[in-house]
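Colleague: Sharing upload_21.txt here; it has compact mmCIF, C-alpha atoms.
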# COMPACT_ATOMS: atom_id res chain seq x y z
CA MET A 404 126.66 88.04 81.85
CA CYS A 405 129.81 86.89 83.67
CA VAL A 406 129.86 85.58 87.21
CA GLY A 407 131.71 88.65 88.48
CA LYS A 408 129.22 91.11 86.99
CA CYS A 409 126.28 89.08 88.29
CA SER A 410 127.79 89.01 91.77
CA ARG A 411 128.26 92.78 91.78
CA PHE A 412 124.68 93.42 90.67
CA ILE A 413 123.06 90.85 92.98
CA GLY A 414 125.23 91.81 95.96
CA LEU A 415 124.41 95.51 95.75
CA CYS A 416 120.70 94.75 95.34
CA LEU A 417 120.75 92.50 98.42
CA VAL A 418 122.47 95.21 100.46
CA VAL A 419 119.87 97.81 99.49
CA LEU A 420 116.94 95.44 100.11
CA SER A 421 118.28 94.36 103.50
CA VAL A 422 118.63 97.97 104.63
CA MET A 423 115.07 98.64 103.47
CA ALA A 424 113.82 95.56 105.38
CA ILE A 425 115.53 96.72 108.57
CA THR A 426 114.04 100.21 108.20
CA LEU A 427 110.50 98.97 107.60
CA SER A 428 110.74 96.51 110.51
CA LEU A 429 111.75 99.36 112.81
CA PHE A 430 108.81 101.46 111.59
CA LEU A 431 106.44 98.63 112.58
CA LEU A 432 107.54 99.13 116.19
CA PHE A 433 106.58 102.80 116.14
CA PRO A 434 103.04 103.27 114.75
CA ASN A 435 102.77 106.77 113.32
CA PHE A 436 106.28 107.37 114.73
CA ASP A 437 104.89 107.14 118.28
CA GLY A 438 107.10 105.19 120.71
CA SER A 439 104.58 105.17 123.56
CA TYR A 440 102.87 102.01 122.29
CA LEU A 441 106.15 100.12 122.30
CA LYS A 442 106.85 101.23 125.89
CA LYS A 443 103.40 99.98 126.93
CA ASN A 444 103.90 96.71 125.00
CA LEU A 445 100.89 97.45 122.81
CA ILE A 446 102.53 96.25 119.61
CA SER A 447 101.74 93.18 117.53
CA HIS A 448 103.74 90.10 118.49
CA TYR A 449 104.84 89.71 114.88
CA ALA A 450 106.31 93.22 114.87
CA ILE A 451 108.09 92.63 118.20
CA ARG A 452 109.79 89.56 116.75
CA MET A 453 111.45 91.95 114.27
CA PRO A 454 111.95 89.44 111.44
CA GLY A 455 112.90 92.22 109.06
CA ILE A 456 115.92 93.09 111.21
CA TRP A 457 117.58 89.75 111.94
CA ALA A 458 116.13 87.53 109.18
CA GLY A 459 115.40 89.74 106.19
CA GLY A 460 118.00 92.27 107.34
CA VAL A 461 121.26 91.04 108.88
CA MET A 462 121.22 87.54 107.34
CA VAL A 463 120.68 88.99 103.88
CA LEU A 464 123.06 91.89 104.47
CA LEU A 465 125.98 89.54 105.20
CA SER A 466 125.41 87.75 101.92
CA GLY A 467 125.04 91.01 100.01
CA ILE A 468 128.28 92.47 101.36
CA GLN A 469 130.31 89.33 100.70
CA THR A 470 128.83 88.89 97.22
CA SER A 471 129.54 92.51 96.30
CA LEU A 472 133.12 92.41 97.56
CA ALA A 473 133.77 89.12 95.79
CA GLY A 474 132.29 90.50 92.57
CA PHE A 475 134.46 93.61 92.74
CA LYS A 476 137.48 91.39 93.57
CA VAL A 477 138.39 93.25 96.74
CA LYS A 478 141.76 91.84 97.80
CA ILE A 479 140.81 91.32 101.43
CA CYS A 480 138.00 89.01 100.30
CA SER A 481 139.76 87.45 97.31
CA CYS A 482 142.97 86.24 98.90
CA CYS A 483 141.92 82.60 98.50
CA GLY A 484 140.88 82.93 94.86
CA PRO A 485 137.58 83.54 93.04
CA ARG A 486 136.44 79.92 93.32
CA CYS A 487 136.80 80.00 97.09
CA ASP A 488 134.92 83.32 97.16
CA MET A 489 132.06 81.77 95.23
CA LEU A 490 132.03 78.79 97.58
CA VAL A 491 131.63 81.15 100.55
CA SER A 492 128.95 82.98 98.58
CA ILE A 493 126.99 79.73 98.23
CA VAL A 494 126.94 79.33 102.01
CA LEU A 495 125.93 82.94 102.69
CA SER A 496 123.35 82.97 99.88
CA SER A 497 121.75 79.90 101.46
CA LEU A 498 121.68 81.79 104.74
CA ALA A 499 120.10 84.81 103.03
CA LEU A 500 117.52 82.58 101.36
CA MET A 501 116.60 81.12 104.73
CA GLY A 502 116.39 84.54 106.38
CA ALA A 503 114.22 86.07 103.65
CA SER A 504 111.90 83.04 103.73
CA VAL A 505 111.51 83.20 107.52
CA CYS A 506 110.78 86.93 107.37
CA LEU A 507 108.19 86.39 104.63
CA ILE A 508 106.41 83.68 106.65
CA VAL A 509 106.30 85.76 109.84
CA ILE A 510 105.12 88.95 108.13
CA THR A 511 102.48 87.07 106.12
CA ALA A 512 101.18 85.50 109.33
CA GLY A 513 101.04 88.96 110.91
CA LEU A 514 99.04 90.35 107.99
CA ALA A 515 96.63 87.41 108.16
CA LYS A 516 96.11 87.91 111.91
CA GLY A 517 95.35 91.57 111.43
CA PRO A 518 96.28 94.66 113.46
CA PHE A 519 96.67 94.75 117.23
CA CYS A 520 94.61 97.70 118.34
CA LEU A 521 92.10 99.16 120.77
CA TYR A 522 88.50 98.54 119.74
CA GLU A 523 85.02 98.54 121.25
CA VAL A 524 83.00 95.43 122.06
CA ASN A 525 79.25 95.31 122.75
CA MET A 526 78.59 93.64 126.11
CA ILE A 527 75.53 91.52 126.85
CA GLU A 528 73.96 94.37 128.81
CA GLY A 529 74.36 96.67 125.81
CA ALA A 530 77.29 98.58 127.27
CA MET A 531 80.44 99.21 125.28
CA LYS A 532 83.81 97.96 126.47
CA GLU A 533 87.20 98.92 125.04
CA LYS A 534 89.70 96.13 124.57
CA TRP A 535 93.24 95.68 123.20
CA ASP A 536 93.42 92.61 120.99
CA TYR A 537 93.33 91.36 117.40
CA PRO A 538 89.76 92.14 116.30
CA PHE A 539 90.07 90.26 113.02
CA MET A 540 91.03 87.02 114.82
CA THR A 541 88.12 87.31 117.25
CA ALA A 542 85.67 87.43 114.32
CA ASP A 543 82.94 88.72 116.64
CA PRO A 544 80.07 90.07 114.48
CA GLN A 545 79.20 92.57 117.23
CA ILE A 546 82.49 94.34 116.61
CA PHE A 547 81.60 94.93 112.98
CA ASN A 548 78.09 96.30 113.42
CA ASN A 549 76.55 92.81 113.44
CA SER A 550 78.01 92.05 110.02
CA ALA A 551 79.26 88.49 109.62
CA HIS A 552 80.97 89.30 106.32
CA ILE A 553 84.37 90.62 107.35
CA GLN A 554 86.79 91.62 104.63
CA LEU A 555 90.48 91.65 105.53
CA PHE A 556 91.33 94.42 103.08
CA ASP A 557 88.27 96.58 103.75
CA ILE A 558 90.28 99.58 104.93
CA VAL A 559 87.19 101.70 105.62
CA LEU A 560 85.71 99.05 107.89
CA TRP A 561 88.92 98.45 109.77
CA SER A 562 89.49 102.16 110.21
CA THR A 563 86.17 102.41 112.03
CA VAL A 564 86.95 99.40 114.24
CA CYS A 565 90.45 100.27 115.47
CA ILE A 566 90.47 103.28 117.78
CA GLU A 567 94.17 103.27 118.66
CA PRO A 568 96.83 103.58 117.39
CA PRO A 569 95.57 106.06 114.79
CA HIS A 570 95.67 104.77 111.19
CA ILE A 571 97.14 101.46 112.42
CA VAL A 572 95.47 99.54 109.59
CA THR A 573 97.06 101.60 106.84
CA TRP A 574 100.37 101.67 108.71
CA ASN A 575 100.63 97.91 109.25
CA SER A 576 99.22 96.95 105.85
CA SER A 577 101.50 99.21 103.81
CA LEU A 578 104.64 98.30 105.75
CA GLY A 579 103.78 94.60 105.89
CA LEU A 580 103.02 94.30 102.19
CA SER A 581 106.19 96.25 101.36
CA LEU A 582 108.22 93.86 103.51
CA CYS A 583 106.65 90.87 101.76
CA LEU A 584 107.59 92.30 98.37
CA ILE A 585 111.15 92.94 99.56
CA ASN A 586 111.40 89.38 100.90
CA LEU A 587 110.21 87.94 97.57
CA LEU A 588 112.90 89.93 95.74
CA GLN A 589 115.49 88.77 98.27
CA ILE A 590 114.48 85.15 97.71
CA LEU A 591 114.74 85.49 93.92
CA LEU A 592 118.13 87.21 94.14
CA SER A 593 119.46 84.67 96.64
CA ILE A 594 118.46 81.79 94.37
CA SER A 595 120.04 83.59 91.41
CA GLN A 596 123.28 84.05 93.36
CA LEU A 597 123.28 80.38 94.36
CA ILE A 598 123.17 79.43 90.69
CA ASN A 599 125.70 82.13 89.77
CA ALA A 600 128.09 81.10 92.55
CA PHE A 601 127.83 77.44 91.50
CA PHE A 602 129.09 78.34 88.03
CA GLY A 603 131.70 80.55 89.68
CA VAL A 604 133.08 77.59 91.64
CA ILE A 605 133.43 75.69 88.38
CA GLY A 606 134.80 78.39 86.08
CA GLY A 607 135.81 81.35 88.25
CA HIS A 608 134.67 84.92 87.61
CA CYS A 609 135.04 84.56 83.80
CA ASP A 610 135.61 88.35 83.55
CA PRO A 611 137.46 89.36 80.36
CA LYS A 612 141.16 89.94 80.87
CA LYS A 613 142.44 93.45 80.30
CA THR A 614 144.99 93.81 77.55
CA GLY A 615 147.92 96.14 77.97
CA PRO A 616 150.11 97.86 75.33
CA SER A 617 152.50 94.91 75.36
CA ASP A 618 149.71 92.58 74.26
CA VAL A 619 148.96 94.53 71.08
Taking this structure as input, can you express it in the form of C-alpha cells?
Modeller:
Amino acid sequence: MCVGKCSRFIGLCLVVLSVMAITLSLFLLFPNFDGSYLKKNLISHYAIRMPGIWAGGVMVLLSGIQTSLAGFKVKICSCCGPRCDMLVSIVLSSLALMGASVCLIVITAGLAKGPFCLYEVNMIEGAMKEKWDYPFMTADPQIFNNSAHIQLFDIVLWSTVCIEPPHIVTWNSSLGLSLCLINLLQILLSISQLINAFFGVIGGHCDPKKTGPSDV
C-alpha cells in the first residue's frame, strides 16, 4: 500500500478514534447523564483530569486531520510538497503517540483505583456511617461484609458497596475499558503513521500517476 493511501486510512481512523475518546471522557463527568455530581465535585480525580479530551482527543485529532489532508493531497496542506507534509506528519504523529499513551496511563490508574462513590462504613460502636471515597483503595474488610478477598471486577459486590451514583461501577468500568481500547488503537496507528511518514519523506506519496489520452 502506498504512503498516500496509508495516510488517508490512518488519518481518518485517528479522527474517528479521537472524537470517540472525547465523547467517552465527557460521559465520565456525568454518571448516568446526571450533572449534579460534577457540580458537587463528587467525581473521580482521574475523570476530572479529562485525559480523553486533551491527550487522547485533541492531540490525536490534530495528527489525524493533518495526516488525512496530506494523504488526500489537499492543496492548502500540500503547498510545500509531499515530503514536507510527511515530515510534519512525523512531528504530529509523535504528539499523538504521546497523548494516547498519557491518556492510557491515566485511565488505567483510574480503573485500578476504583470508583469514587458513596458507601457505608461500620463504626467501632456498630453504627453505620456513609462516606464519599474510593472504597477499593481503602481495602477495609468491614466495607465488604468482613470479606478480605476483594475482587476488582466483581461487579455484583461493587454494586452492593457503592450507593451513589447509581450503577457507577458499570458506568466507570465500561467507559474506562473502552477508552483504554481506543488508546491502544491510537498508539498502534500513530506508530504505523510514523513508519509510513518516514518512508514518505524518503520517497514521497508513491501514488500511481494518472495517464491521460495523450499518454496512450
Colleague: Give me the residues of segment 406-442 of chain A that have any atom at most 6 Å from an atom of segment 446-469 of chain A; for each, the nearest atom pair and the distance in Å, rounded to one decimal. Use only C-alpha atoms, sort by chain and number, and format it as CSV.
Modeller:
residue,atom,partner,partner_atom,distance
A:Gly414,CA,A:Gly467,CA,4.1
A:Leu417,CA,A:Gly467,CA,4.8
A:Val418,CA,A:Gly467,CA,4.9
A:Ser421,CA,A:Gly460,CA,4.4
A:Ala424,CA,A:Gly455,CA,5.1
A:Ile425,CA,A:Ile456,CA,4.5
A:Ser428,CA,A:Gly455,CA,5.0
A:Leu431,CA,A:Ala450,CA,5.9
A:Leu441,CA,A:Ile446,CA,5.9
Colleague: Looking at only C-alpha atoms, which of A:Cys506, A:Arg411, A:Gly474, A:Phe519 is the one that sits closest to Trp574 of chain A?
Modeller: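 Of the candidates, the smallest distance to Trp574 of chain A is held by A:Phe519.
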Colleague: Hey, what's within 12 Å of Ile566 of chain A if we count only C-alpha atoms and toss same-chain stuff fewer than 6 positions away? As an mmCIF file with C-alpha atoms, in the coordinates of the input, please?
Modeller:
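In the end it all went to around.cif:
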data_model
loop_
_atom_site.group_PDB
_atom_site.id
_atom_site.type_symbol
_atom_site.label_atom_id
_atom_site.label_comp_id
_atom_site.auth_asym_id
_atom_site.auth_seq_id
_atom_site.Cartn_x
_atom_site.Cartn_y
_atom_site.Cartn_z
ATOM 1 C CA PRO A 518 96.280 94.660 113.460
ATOM 2 C CA PHE A 519 96.670 94.750 117.230
ATOM 3 C CA CYS A 520 94.610 97.700 118.340
ATOM 4 C CA LEU A 521 92.100 99.160 120.770
ATOM 5 C CA TYR A 522 88.500 98.540 119.740
ATOM 6 C CA GLU A 523 85.020 98.540 121.250
ATOM 7 C CA VAL A 524 83.000 95.430 122.060
ATOM 8 C CA GLU A 533 87.200 98.920 125.040
ATOM 9 C CA LYS A 534 89.700 96.130 124.570
ATOM 10 C CA TRP A 535 93.240 95.680 123.200
ATOM 11 C CA ASP A 536 93.420 92.610 120.990
ATOM 12 C CA PRO A 538 89.760 92.140 116.300
ATOM 13 C CA LEU A 560 85.710 99.050 107.890
ATOM 14 C CA VAL A 572 95.470 99.540 109.590
#
Colleague: Take atom CA of Val509 of chain A and atom CA of Thr470 of chain A and report the distance between them in Å, one decimal.
Modeller: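 Atom-to-atom, atom CA of Val509 of chain A and atom CA of Thr470 of chain A are spaced 26.0 Å apart.
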Colleague: Around all listed atoms of segment 571-581 of chain A, padded 4 Å per side, what centre and edge lengths does the axis-aligned box have in Å to one decimal, as AutoDock Vina command-line options?
Modeller:
--center_x 100.8 --center_y 98.0 --center_z 106.9 --size_x 18.7 --size_y 15.4 --size_z 19.1
